[in-house]
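Below: one structure, written as structure tokens.
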Amino acid sequence: MSIADDEAEKAYPTRHWSGTHVKEQFCCDTDDLQEAYLRGRNAPPADAEVEAVAKRLLWNSCKWDGDDDYAAWDEEDAWDYAGRFHRWQEDYIRQAKELLTLTRKAANE
């Protein structure tokens with residue numbers, strides 16, 4: 001299950017008619033659908049989104065090909081390595097939050 005699916009299930013758990021396995025249904029119109037879209041578009045980024053951007057920023061900002069003391073195999077390996085140093089991951093997480101906030105702001109102006 002994706003993170004988005006998991007969040008949706010937590011926010012709007014599947015409901016069944018009492019004593020049956022038949023899911024409850026509701027009616028909505030295009031205004032309701034547009035409002036739901038806008039809520040999702042304006043929602044703050046999930047922690048998983050922030051971390052994914054932070055990992056990519058870290059991966060792209062360093063040379064990991066072995067010319068240095070450490071060669072990471074992939075983004076996860078680089079992220080684990082960065083965790084050994086005080087505040088390195090936190091700095092990339094802060095940058096990722098700023099970038100995601102900017103992109104959401106630009107999309108909603």
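Residues are named by chain letter and number: chains run A, B, ... in the order of the structure tokens, numbers start at 1 in each chain, and ligands are numbered from 1 in the order shown.
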### Residue set, segment 5-93 of chain A restricted to alpha helix (DSSP H), as a PyMOL selection string
chain A and resi 5-11+30-42+47-61+75-82+88-93
Residues from last step as file, N, CA and C atoms, as a compact mmCIF listing (two decimals), in the first residue's frame:
# COMPACT_ATOMS: atom_id res chain seq x y z
N ASP A 5 -2.15 6.00 -0.13
CA ASP A 5 -3.28 5.10 0.16
C ASP A 5 -3.46 4.94 1.66
N ASP A 6 -2.35 4.77 2.37
CA ASP A 6 -2.40 4.60 3.82
C ASP A 6 -2.97 5.85 4.50
N GLU A 7 -2.53 7.03 4.07
CA GLU A 7 -3.04 8.28 4.63
C GLU A 7 -4.53 8.45 4.34
N ALA A 8 -4.95 8.09 3.13
CA ALA A 8 -6.36 8.20 2.76
C ALA A 8 -7.22 7.27 3.60
N GLU A 9 -6.73 6.06 3.83
CA GLU A 9 -7.48 5.10 4.64
C GLU A 9 -7.60 5.58 6.09
N LYS A 10 -6.55 6.22 6.60
CA LYS A 10 -6.61 6.76 7.97
C LYS A 10 -7.57 7.94 8.05
N ALA A 11 -7.55 8.80 7.05
CA ALA A 11 -8.41 9.99 7.07
C ALA A 11 -9.87 9.62 6.81
N THR A 30 -19.27 17.80 -8.80
CA THR A 30 -17.95 18.27 -9.23
C THR A 30 -17.36 19.29 -8.27
N ASP A 31 -18.19 20.08 -7.60
CA ASP A 31 -17.67 21.02 -6.61
C ASP A 31 -16.99 20.26 -5.47
N ASP A 32 -17.58 19.16 -5.03
CA ASP A 32 -16.97 18.36 -3.97
C ASP A 32 -15.64 17.78 -4.43
N LEU A 33 -15.60 17.29 -5.65
CA LEU A 33 -14.36 16.72 -6.19
C LEU A 33 -13.28 17.79 -6.32
N GLN A 34 -13.66 18.97 -6.79
CA GLN A 34 -12.69 20.07 -6.91
C GLN A 34 -12.16 20.47 -5.54
N GLU A 35 -13.04 20.54 -4.55
CA GLU A 35 -12.61 20.90 -3.19
C GLU A 35 -11.64 19.84 -2.64
N ALA A 36 -11.93 18.58 -2.87
CA ALA A 36 -11.03 17.51 -2.41
C ALA A 36 -9.68 17.62 -3.10
N TYR A 37 -9.68 17.91 -4.39
CA TYR A 37 -8.42 18.08 -5.11
C TYR A 37 -7.62 19.24 -4.53
N LEU A 38 -8.27 20.37 -4.30
CA LEU A 38 -7.58 21.54 -3.76
C LEU A 38 -7.03 21.28 -2.36
N ARG A 39 -7.77 20.56 -1.55
CA ARG A 39 -7.27 20.21 -0.22
C ARG A 39 -5.99 19.38 -0.32
N GLY A 40 -5.99 18.42 -1.20
CA GLY A 40 -4.80 17.60 -1.40
C GLY A 40 -3.64 18.40 -1.95
N ARG A 41 -3.93 19.29 -2.88
CA ARG A 41 -2.90 20.12 -3.50
C ARG A 41 -2.28 21.09 -2.51
N ASN A 42 -3.07 21.56 -1.55
CA ASN A 42 -2.61 22.53 -0.58
C ASN A 42 -2.07 21.89 0.70
N ASP A 47 6.00 13.40 5.42
CA ASP A 47 7.38 13.18 5.83
C ASP A 47 8.14 12.35 4.79
N ALA A 48 7.46 11.39 4.18
CA ALA A 48 8.11 10.55 3.17
C ALA A 48 8.49 11.37 1.93
N GLU A 49 7.65 12.34 1.56
CA GLU A 49 7.97 13.22 0.43
C GLU A 49 9.21 14.05 0.76
N VAL A 50 9.22 14.62 1.94
CA VAL A 50 10.34 15.47 2.36
C VAL A 50 11.63 14.65 2.36
N GLU A 51 11.57 13.46 2.93
CA GLU A 51 12.78 12.64 2.99
C GLU A 51 13.26 12.22 1.60
N ALA A 52 12.34 11.92 0.70
CA ALA A 52 12.73 11.54 -0.66
C ALA A 52 13.45 12.69 -1.36
N VAL A 53 12.95 13.91 -1.19
CA VAL A 53 13.60 15.08 -1.80
C VAL A 53 14.95 15.32 -1.14
N ALA A 54 15.01 15.19 0.18
CA ALA A 54 16.27 15.40 0.90
C ALA A 54 17.34 14.41 0.43
N LYS A 55 16.94 13.16 0.25
CA LYS A 55 17.90 12.14 -0.22
C LYS A 55 18.42 12.48 -1.61
N ARG A 56 17.53 12.94 -2.48
CA ARG A 56 17.97 13.28 -3.84
C ARG A 56 18.88 14.50 -3.83
N LEU A 57 18.56 15.49 -2.99
CA LEU A 57 19.43 16.67 -2.87
C LEU A 57 20.82 16.26 -2.40
N LEU A 58 20.87 15.41 -1.40
CA LEU A 58 22.17 14.93 -0.89
C LEU A 58 22.92 14.18 -1.98
N TRP A 59 22.22 13.28 -2.65
CA TRP A 59 22.85 12.46 -3.69
C TRP A 59 23.41 13.34 -4.81
N ASN A 60 22.66 14.36 -5.21
CA ASN A 60 23.10 15.23 -6.30
C ASN A 60 24.15 16.24 -5.88
N SER A 61 24.29 16.49 -4.58
CA SER A 61 25.20 17.54 -4.14
C SER A 61 26.62 17.04 -3.89
N GLU A 75 21.27 6.35 -3.31
CA GLU A 75 20.77 7.41 -2.43
C GLU A 75 20.63 6.92 -0.98
N GLU A 76 20.13 5.71 -0.81
CA GLU A 76 19.94 5.17 0.54
C GLU A 76 21.28 5.03 1.27
N ASP A 77 22.27 4.53 0.57
CA ASP A 77 23.59 4.35 1.15
C ASP A 77 24.19 5.71 1.53
N ALA A 78 24.04 6.69 0.65
CA ALA A 78 24.53 8.04 0.94
C ALA A 78 23.80 8.64 2.14
N TRP A 79 22.49 8.40 2.21
CA TRP A 79 21.68 8.93 3.32
C TRP A 79 22.13 8.32 4.65
N ASP A 80 22.37 7.02 4.65
CA ASP A 80 22.85 6.35 5.86
C ASP A 80 24.20 6.93 6.29
N TYR A 81 25.08 7.14 5.32
CA TYR A 81 26.39 7.72 5.60
C TYR A 81 26.25 9.12 6.19
N ALA A 82 25.36 9.93 5.62
CA ALA A 82 25.15 11.29 6.10
C ALA A 82 24.63 11.30 7.54
N TRP A 88 23.76 16.73 9.35
CA TRP A 88 23.85 16.69 7.88
C TRP A 88 22.49 16.34 7.28
N GLN A 89 21.87 15.28 7.79
CA GLN A 89 20.54 14.92 7.28
C GLN A 89 19.53 16.04 7.57
N GLU A 90 19.60 16.62 8.77
CA GLU A 90 18.65 17.68 9.14
C GLU A 90 18.74 18.87 8.19
N ASP A 91 19.95 19.21 7.75
CA ASP A 91 20.12 20.33 6.81
C ASP A 91 19.44 20.03 5.48
N TYR A 92 19.57 18.81 5.00
CA TYR A 92 18.93 18.44 3.74
C TYR A 92 17.41 18.36 3.89
N ILE A 93 16.95 17.91 5.04
CA ILE A 93 15.51 17.89 5.29
C ILE A 93 14.95 19.31 5.31
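Separating atom CA of Lys97 of chain A from atom CA of Pro44 of chain A is a distance of 9.3 Å.
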### Message
Can you measure atom CA of Cys28 of chain A to atom CA of Pro45 of chain A for me? One decimal in Å is fine.
### Response
26.1 Å
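Atom CA of Arg84 of chain A sits 25.2 Å away from atom CA of Leu100 of chain A.
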